[in-house]
file work-v6.tsv (TSV, C-alpha atoms and all ligand atoms)
chain	number	residue	atom	x	y	z
A	1	MET	CA	-10.98	-6.19	-0.02
A	2	ARG	CA	-8.90	-3.29	-1.32
A	3	ILE	CA	-5.33	-2.83	-0.16
A	4	PHE	CA	-3.22	0.27	-0.72
A	5	ILE	CA	0.56	-0.22	-0.91
A	6	SER	CA	3.00	2.66	-0.55
A	7	ALA	CA	6.38	1.43	-1.76
A	8	ASP	CA	9.73	3.02	-1.01
A	9	MET	CA	13.19	1.76	-1.92
A	10	GLU	CA	15.68	2.49	0.88
A	11	GLY	CA	14.24	-0.25	3.08
A	12	VAL	CA	14.45	-3.00	0.47
A	13	THR	CA	17.04	-5.67	1.20
A	14	GLY	CA	20.38	-5.13	-0.50
A	15	VAL	CA	19.85	-1.40	-0.88
A	16	VAL	CA	22.49	0.54	1.10
A	17	HIS	CA	23.93	3.18	-1.24
A	18	ARG	CA	22.74	6.19	-3.21
A	19	ASP	CA	23.98	4.61	-6.44
A	20	GLN	CA	21.15	2.10	-6.10
A	21	LEU	CA	18.52	4.80	-5.56
A	22	VAL	CA	18.81	6.99	-8.64
A	23	PRO	CA	18.19	6.14	-12.32
A	24	GLU	CA	21.70	7.18	-13.29
A	25	GLY	CA	23.22	4.77	-10.78
A	26	LYS	CA	25.00	1.73	-12.16
A	27	THR	CA	23.19	-0.60	-9.76
A	28	TYR	CA	19.76	1.08	-9.93
A	29	GLU	CA	18.22	-1.48	-12.28
A	30	ARG	CA	18.88	-4.28	-9.84
A	31	ALA	CA	17.46	-2.27	-6.96
A	32	ARG	CA	14.22	-1.50	-8.76
A	33	LYS	CA	13.77	-5.18	-9.53
A	34	LEU	CA	14.22	-5.96	-5.83
A	35	MET	CA	11.71	-3.23	-4.94
A	36	THR	CA	9.14	-4.61	-7.38
A	37	ALA	CA	9.61	-8.16	-6.14
A	38	ASP	CA	9.05	-7.05	-2.53
A	39	VAL	CA	5.72	-5.51	-3.49
A	40	ASN	CA	4.72	-8.66	-5.37
A	41	ALA	CA	5.60	-10.80	-2.37
A	42	ALA	CA	3.27	-8.76	-0.18
A	43	ILE	CA	0.50	-8.95	-2.79
A	44	THR	CA	0.73	-12.72	-3.19
A	45	GLY	CA	0.68	-13.14	0.59
A	46	ALA	CA	-2.42	-10.98	0.95
A	47	LEU	CA	-4.13	-12.89	-1.86
A	48	ARG	CA	-3.67	-16.17	0.01
A	49	GLU	CA	-6.01	-14.87	2.73
A	50	ALA	CA	-8.17	-12.63	0.54
A	51	PRO	CA	-8.24	-14.19	-2.94
A	52	GLY	CA	-10.35	-11.45	-4.51
A	53	ALA	CA	-8.34	-8.55	-3.14
A	54	GLU	CA	-7.51	-5.55	-5.32
A	55	PHE	CA	-4.38	-3.45	-4.89
A	56	VAL	CA	-3.23	0.04	-5.77
A	57	VAL	CA	0.51	0.51	-5.42
A	58	CYS	CA	2.03	3.98	-5.17
A	59	ASP	CA	5.63	4.30	-6.27
A	60	GLY	CA	6.91	6.42	-3.40
A	61	HIS	CA	10.62	6.78	-4.03
A	62	GLY	CA	12.62	9.60	-5.64
A	63	VAL	CA	11.54	10.00	-9.25
A	64	MET	CA	8.55	7.75	-8.46
A	65	ARG	CA	9.04	5.80	-11.66
A	66	ASN	CA	10.99	2.94	-10.11
A	67	LEU	CA	8.60	0.00	-9.91
A	68	ILE	CA	8.62	-2.15	-13.04
A	69	LEU	CA	5.05	-2.22	-14.30
A	70	GLU	CA	5.52	-5.24	-16.57
A	71	GLU	CA	6.69	-7.27	-13.57
A	72	LEU	CA	3.94	-6.13	-11.20
A	73	HIS	CA	1.31	-8.64	-10.06
A	74	GLU	CA	-1.81	-8.52	-12.19
A	75	ALA	CA	-4.04	-7.88	-9.17
A	76	ALA	CA	-2.46	-4.42	-8.78
A	77	GLN	CA	-2.58	-1.05	-10.46
A	78	LEU	CA	0.38	1.29	-10.18
A	79	VAL	CA	0.55	5.02	-9.43
A	80	VAL	CA	3.52	6.33	-11.41
A	81	GLY	CA	4.97	9.83	-11.57
A	82	PRO	CA	6.52	12.48	-9.38
A	83	ALA	CA	4.93	14.13	-6.38
A	84	HIS	CA	3.53	17.54	-7.29
A	85	PRO	CA	0.59	19.56	-5.98
A	86	ALA	CA	-0.88	19.52	-9.48
A	87	ASN	CA	-0.95	15.79	-10.02
A	88	LYS	CA	0.23	13.83	-7.01
A	89	PRO	CA	-0.57	15.89	-3.92
A	90	LEU	CA	-0.60	12.88	-1.59
A	91	CYS	CA	2.96	12.04	-2.59
A	92	GLN	CA	3.71	8.51	-1.32
A	93	SER	CA	0.03	7.87	-0.59
A	94	GLN	CA	-1.38	9.06	-3.90
A	95	GLY	CA	-4.11	6.71	-5.09
A	96	CYS	CA	-5.45	5.99	-1.63
A	97	ASP	CA	-9.02	6.93	-0.80
A	98	GLU	CA	-11.93	5.83	1.37
A	99	THR	CA	-12.49	2.66	-0.66
A	100	PHE	CA	-9.46	0.88	0.86
A	101	ASP	CA	-9.52	-1.47	3.84
A	102	LEU	CA	-5.83	-1.75	4.68
A	103	ALA	CA	-2.44	-0.20	3.87
A	104	PHE	CA	1.03	-1.72	3.51
A	105	PHE	CA	4.27	0.29	3.60
A	106	THR	CA	7.11	-1.62	1.93
A	107	GLY	CA	10.78	-0.65	1.64
A	108	TYR	CA	10.39	2.15	4.17
A	109	HIS	CA	13.29	3.85	5.99
A	110	SER	CA	13.98	5.65	9.26
A	111	ARG	CA	13.38	9.36	9.68
A	112	ALA	CA	15.94	12.14	9.24
A	113	GLY	CA	18.40	12.32	12.11
A	114	THR	CA	18.09	8.68	13.21
A	115	PRO	CA	21.45	7.93	14.90
A	116	GLY	CA	23.32	5.45	12.71
A	117	GLY	CA	20.23	4.98	10.55
A	118	LEU	CA	20.55	3.49	7.07
A	119	LEU	CA	19.85	6.06	4.32
A	120	SER	CA	17.73	7.93	6.86
A	121	HIS	CA	15.84	11.01	5.73
A	122	THR	CA	12.39	12.55	5.70
A	123	TRP	CA	11.01	13.30	2.25
A	124	VAL	CA	13.78	15.40	0.67
A	125	GLY	CA	16.92	14.93	2.71
A	126	ALA	CA	18.63	18.05	1.39
A	127	ALA	CA	15.67	20.27	2.26
A	128	VAL	CA	14.00	18.76	5.33
A	129	THR	CA	15.65	18.26	8.70
A	130	ASN	CA	12.57	17.32	10.70
A	131	ILE	CA	8.83	17.21	10.38
A	132	ARG	CA	6.69	17.40	13.48
A	133	ILE	CA	3.02	16.66	13.93
A	134	ASN	CA	1.59	17.99	17.18
A	135	GLY	CA	5.14	18.53	18.39
A	136	GLU	CA	6.25	14.98	17.75
A	137	ILE	CA	9.06	14.33	15.27
A	138	VAL	CA	7.80	11.93	12.65
A	139	GLY	CA	9.20	10.12	9.64
A	140	GLU	CA	7.58	9.01	6.43
A	141	THR	CA	5.97	6.01	8.13
A	142	ALA	CA	3.94	8.19	10.51
A	143	LEU	CA	3.25	10.79	7.85
A	144	ASN	CA	1.73	8.26	5.51
A	145	ALA	CA	-0.07	6.48	8.33
A	146	ALA	CA	-1.71	9.82	9.07
A	147	VAL	CA	-2.70	10.23	5.41
A	148	VAL	CA	-4.33	6.80	5.11
A	149	GLY	CA	-5.72	7.22	8.63
A	150	HIS	CA	-7.73	10.15	7.32
A	151	TRP	CA	-9.98	7.47	5.81
A	152	ASP	CA	-9.71	5.23	8.90
A	153	ILE	CA	-7.49	2.82	7.02
A	154	PRO	CA	-5.16	0.85	9.33
A	155	VAL	CA	-1.55	0.10	8.45
A	156	GLY	CA	-1.27	-3.67	8.30
A	157	LEU	CA	2.36	-4.17	7.37
A	158	VAL	CA	5.60	-2.17	7.46
A	159	SER	CA	8.93	-3.39	6.06
A	160	GLY	CA	12.41	-1.91	6.18
A	161	ALA	CA	15.78	-1.95	7.93
A	162	HIS	CA	15.73	-2.97	11.56
A	163	GLU	CA	15.93	0.49	13.15
A	164	LEU	CA	12.64	1.48	11.55
A	165	GLU	CA	10.75	-0.95	13.74
A	166	ALA	CA	11.13	1.15	16.89
A	167	GLU	CA	10.20	4.33	15.03
A	168	ALA	CA	7.09	2.68	13.61
A	169	ARG	CA	6.03	1.28	16.98
A	170	ASP	CA	6.49	4.71	18.56
A	171	THR	CA	4.62	6.70	15.97
A	172	ILE	CA	1.87	4.64	14.34
A	173	PRO	CA	-1.00	2.60	15.81
A	174	ASP	CA	-0.37	-0.88	17.09
A	175	GLY	CA	-1.41	-3.96	15.21
A	176	PHE	CA	0.79	-3.89	12.13
A	177	VAL	CA	3.08	-6.73	11.11
A	178	TRP	CA	6.73	-5.76	11.04
A	179	VAL	CA	9.04	-7.30	8.43
A	180	GLY	CA	12.76	-6.61	8.88
A	181	THR	CA	14.74	-6.85	5.64
A	182	LYS	CA	18.24	-6.05	6.94
A	183	THR	CA	20.19	-5.15	10.08
A	184	THR	CA	21.73	-1.71	9.85
A	185	TYR	CA	25.45	-1.23	10.60
A	186	GLY	CA	25.46	2.48	9.77
A	187	PRO	CA	24.37	5.06	7.19
A	188	THR	CA	25.56	3.01	4.17
A	189	ALA	CA	26.03	-0.58	5.33
A	190	ALA	CA	23.79	-3.38	6.55
A	191	LEU	CA	23.58	-7.12	7.05
A	192	CYS	CA	21.03	-8.04	4.38
A	193	LEU	CA	18.73	-11.02	4.05
A	194	PRO	CA	18.59	-12.53	0.56
A	195	PRO	CA	15.42	-11.70	-1.39
A	196	ALA	CA	14.35	-15.34	-1.22
A	197	ARG	CA	14.03	-14.83	2.53
A	198	THR	CA	12.48	-11.34	2.56
A	199	HIS	CA	9.92	-12.43	0.00
A	200	LYS	CA	8.88	-15.27	2.25
A	201	LEU	CA	8.64	-12.92	5.25
A	202	LEU	CA	6.66	-10.34	3.29
A	203	ASN	CA	4.38	-13.03	1.93
A	204	GLU	CA	3.69	-14.43	5.40
A	205	GLY	CA	3.46	-10.96	6.95
A	206	ALA	CA	0.92	-9.75	4.43
A	207	ALA	CA	-1.23	-12.84	4.93
A	208	GLU	CA	-1.06	-12.31	8.68
A	209	ALA	CA	-2.05	-8.67	8.30
A	210	VAL	CA	-5.03	-9.44	6.09
A	211	ALA	CA	-6.46	-12.37	8.07
A	212	PRO	CA	-8.11	-10.33	10.88
A	213	LEU	CA	-9.87	-8.07	8.40
A	214	GLN	CA	-11.62	-10.91	6.67
A	215	GLY	CA	-15.18	-10.52	7.84
A	216	GLY	CA	-14.62	-6.94	9.04
A	217	GLN	CA	-13.13	-7.90	12.37
A	218	ALA	CA	-10.65	-5.02	12.60
A	219	GLU	CA	-10.64	-1.41	11.60
A	220	ALA	CA	-8.89	1.82	12.42
A	221	ALA	CA	-10.64	5.02	13.40
A	222	GLN	CA	-9.86	8.71	13.75
A	223	ALA	CA	-6.26	8.44	12.67
A	224	GLN	CA	-5.71	11.96	11.40
A	225	VAL	CA	-2.52	12.46	13.36
A	226	PRO	CA	-0.05	10.16	15.06
A	227	GLY	CA	-0.86	9.63	18.69
A	228	GLN	CA	-4.59	10.02	18.17
A	229	HIS	CA	-5.17	6.77	16.38
A	230	GLN	CA	-7.72	4.40	17.77
A	231	ARG	CA	-8.30	0.91	16.67
A	232	ARG	CA	-10.98	-1.70	17.15
A	233	VAL	CA	-9.37	-5.12	17.34
A	234	PRO	CA	-10.85	-8.54	16.63
A	235	SER	CA	-13.12	-10.03	19.23
A	236	PRO	CA	-11.38	-12.42	21.65
A	237	ARG	CA	-13.72	-15.06	20.25
A	238	ASP	CA	-12.12	-14.63	16.88
A	239	GLY	CA	-9.37	-17.19	16.60
A	240	ARG	CA	-7.47	-14.95	14.26
A	241	GLN	CA	-6.86	-12.38	16.94
A	242	GLY	CA	-3.85	-14.33	18.11
A	243	ARG	CA	-2.37	-14.18	14.66
A	244	ARG	CA	-2.65	-10.44	14.62
A	245	GLY	CA	-1.04	-10.23	18.01
A	246	ALA	CA	1.78	-12.37	16.74
A	247	GLY	CA	2.44	-9.68	14.17
A	248	HIS	CA	4.04	-7.54	16.83
A	249	ARG	CA	7.12	-9.68	16.88
A	250	ALA	CA	10.09	-8.72	14.81
A	251	ARG	CA	10.66	-10.60	11.60
A	252	GLY	CA	14.06	-11.10	10.13
A	301	ZN	ZN	12.90	6.65	-0.95
call {"tool": "encode", "arguments": {"input": "work-v6.tsv", "output": "structure tokens", "more": "lines below"}}
Ligand SMILES: [Zn+2]
result
Amino acid sequence: MRIFISADMEGVTGVVHRDQLVPEGKTYERARKLMTADVNAAITGALREAPGAEFVVCDGHGVMRNLILEELHEAAQLVVGPAHPANKPLCQSQGCDETFDLAFFTGYHSRAGTPGGLLSHTWVGAAVTNIRINGEIVGETALNAAVVGHWDIPVGLVSGAHELEAEARDTIPDGFVWVGTKTTYGPTAALCLPPARTHKLLNEGAAEAVAPLQGGQAEAAQAQVPGQHQRRVPSPRDGRQGRRGAGHRARG
């Protein structure tokens, strides 16, 4: 099994301020460690259900050189470097292709204009107010779901601050496991779970997301744009179907 992970930073627990998001920030080094540990937690969870799984992780935040390679799980390879048409045209989904079975989006955040949303924006906050696909306003979650959906790859797990859950449920296909890392108070404050807790949730969530795909029991299809996704779900005879259904509940 091959799993693609698009990792952002604003949705990681403890991250609430721009100082944490840029290399010149005094607290950036701590935030990038938290971001890397979240990705590792998802990888180790997936490996519990799919021991031979391979991972490609795309650093999808800001300078896109945030994840700490020397701390990344050995089952993964890392896409590093800024988005640019010449070398990283798929931006936060660079590295994904038709060889993958499942996608995870970790540390994601709500779209630009989300009322009271934590660090909300879409791509480049200073330059982009809204992005619409087929008339529907979408955030980075739906945009990247559409990119991986081009290869019929379902999104198995999404993590971030609590307000992202509704956005994700509205704009990407059902069936993903949601992992809440913090409860947003406003644009720069949140009630945050400690990493020891979010790592556990991500670990469990990733295992839950992977289980139905073992044996090819679930797949996405025709997911070029939000709202047109279709998904074949596990057979009712498959005992793991219930586990996938359980993934709809909020975590954290
Ligand atoms: Zn970001």
call {"tool": "residues_near_ligand", "arguments": {"input": "work-v6.tsv", "ligand": "ligand ZN 301 (chain A)", "cutoff": "6 Å", "atoms": "only C-alpha atoms and all ligand atoms", "output": "PyMOL selection string"}}
result
chain A and resi 8-10+61-62
call {"tool": "residues_around", "arguments": {"input": "work-v6.tsv", "residues": "Glu167 (chain A)", "least_positions_apart": "5", "cutoff": "9 Å", "atoms": "all atoms listed in the file", "output": "list in words"}}
result
Ser110, Arg111, Val138, Gly139, Thr141, Ala142 and Ile172 of chain A
call {"tool": "write_last_selection", "arguments": {"input": "work-v6.tsv", "atoms": "C-alpha atoms", "output": "PDB file, in the coordinates of the input"}}
result
ATOM      1  CA  SER A 110      13.980   5.650   9.260  1.00  0.00           C
ATOM      2  CA  ARG A 111      13.380   9.360   9.680  1.00  0.00           C
ATOM      3  CA  VAL A 138       7.800  11.930  12.650  1.00  0.00           C
ATOM      4  CA  GLY A 139       9.200  10.120   9.640  1.00  0.00           C
ATOM      5  CA  THR A 141       5.970   6.010   8.130  1.00  0.00           C
ATOM      6  CA  ALA A 142       3.940   8.190  10.510  1.00  0.00           C
ATOM      7  CA  ILE A 172       1.870   4.640  14.340  1.00  0.00           C
TER       8      ILE A 172
END
call {"tool": "atom_distance", "arguments": {"input": "work-v6.tsv", "atom1": "CA of His121 (chain A)", "atom2": "CA of Gly160 (chain A)"}}
result
13.4 Å
call {"tool": "atom_distance", "arguments": {"input": "work-v6.tsv", "atom1": "CA of Val179 (chain A)", "atom2": "CA of Gly205 (chain A)"}}
result
6.8 Å
call {"tool": "atom_distance", "arguments": {"input": "work-v6.tsv", "atom1": "CA of Gln20 (chain A)", "atom2": "CA of Leu157 (chain A)"}}
result
24.0 Å
call {"tool": "closest_residue", "arguments": {"input": "work-v6.tsv", "among": "A:Glu165, A:Glu140, A:Ala103, A:Pro154", "to": "Val124 (chain A)", "atoms": "all atoms listed in the file"}}
result
A:Glu140
call {"tool": "closest_residue", "arguments": {"input": "work-v6.tsv", "among": "A:His162, A:Thr171, A:Asn40, A:Pro187", "to": "Ala112 (chain A)", "atoms": "all atoms listed in the file"}}
result
A:Pro187
call {"tool": "residues_around", "arguments": {"input": "work-v6.tsv", "residues": "Ala50 (chain A)", "least_positions_apart": "6", "cutoff": "9 Å", "atoms": "only C-alpha atoms", "output": "number ranges by chain"}}
result
A: 1, 207, 210-211, 214
call {"tool": "write_last_selection", "arguments": {"input": "work-v6.tsv", "atoms": "C-alpha atoms", "output": "compact mmCIF listing (two decimals), keeping the file's coordinate frame"}}
result
# COMPACT_ATOMS: atom_id res chain seq x y z
CA MET A 1 -10.98 -6.19 -0.02
CA ALA A 207 -1.23 -12.84 4.93
CA VAL A 210 -5.03 -9.44 6.09
CA ALA A 211 -6.46 -12.37 8.07
CA GLN A 214 -11.62 -10.91 6.67
call {"tool": "closest_residue", "arguments": {"input": "work-v6.tsv", "among": "A:Val22, A:Leu34, A:Ala83, A:Ala206", "to": "Asp59 (chain A)", "atoms": "all atoms listed in the file"}}
result
A:Ala83
call {"tool": "closest_residue", "arguments": {"input": "work-v6.tsv", "among": "A:Arg48, A:His109, A:Arg132, A:His84", "to": "Glu204 (chain A)", "atoms": "all atoms listed in the file"}}
result
A:Arg48
call {"tool": "closest_residue", "arguments": {"input": "work-v6.tsv", "among": "A:Thr99, A:Gly135, A:Thr129, A:Glu163", "to": "Gly113 (chain A)", "atoms": "all atoms listed in the file"}}
result
A:Thr129
call {"tool": "closest_residue", "arguments": {"input": "work-v6.tsv", "among": "A:Leu143, A:Val39, A:Ile5, A:Ala189", "to": "Leu119 (chain A)", "atoms": "all atoms listed in the file"}}
result
A:Ala189
call {"tool": "residues_near_point", "arguments": {"input": "work-v6.tsv", "point": "(-7.9, 4.8, 6.8)", "cutoff": "8 Å", "atoms": "all atoms listed in the file", "output": "ChimeraX atom specification"}}
result
/A:97-98,100-103,147-154,220-221,223
call {"tool": "residues_near_point", "arguments": {"input": "work-v6.tsv", "point": "(26.1, 3.3, 9.9)", "cutoff": "9 Å", "atoms": "all atoms listed in the file", "output": "NGL selection string"}}
result
:A and (115-119 or 184-190)
call {"tool": "residues_around", "arguments": {"input": "work-v6.tsv", "residues": "Gly95 (chain A)", "least_positions_apart": "6", "cutoff": "7 Å", "atoms": "all atoms listed in the file", "output": "compact mmCIF listing (two decimals) with C-alpha atoms, keeping the file's coordinate frame"}}
result
# COMPACT_ATOMS: atom_id res chain seq x y z
CA VAL A 56 -3.23 0.04 -5.77
CA CYS A 58 2.03 3.98 -5.17
CA VAL A 79 0.55 5.02 -9.43
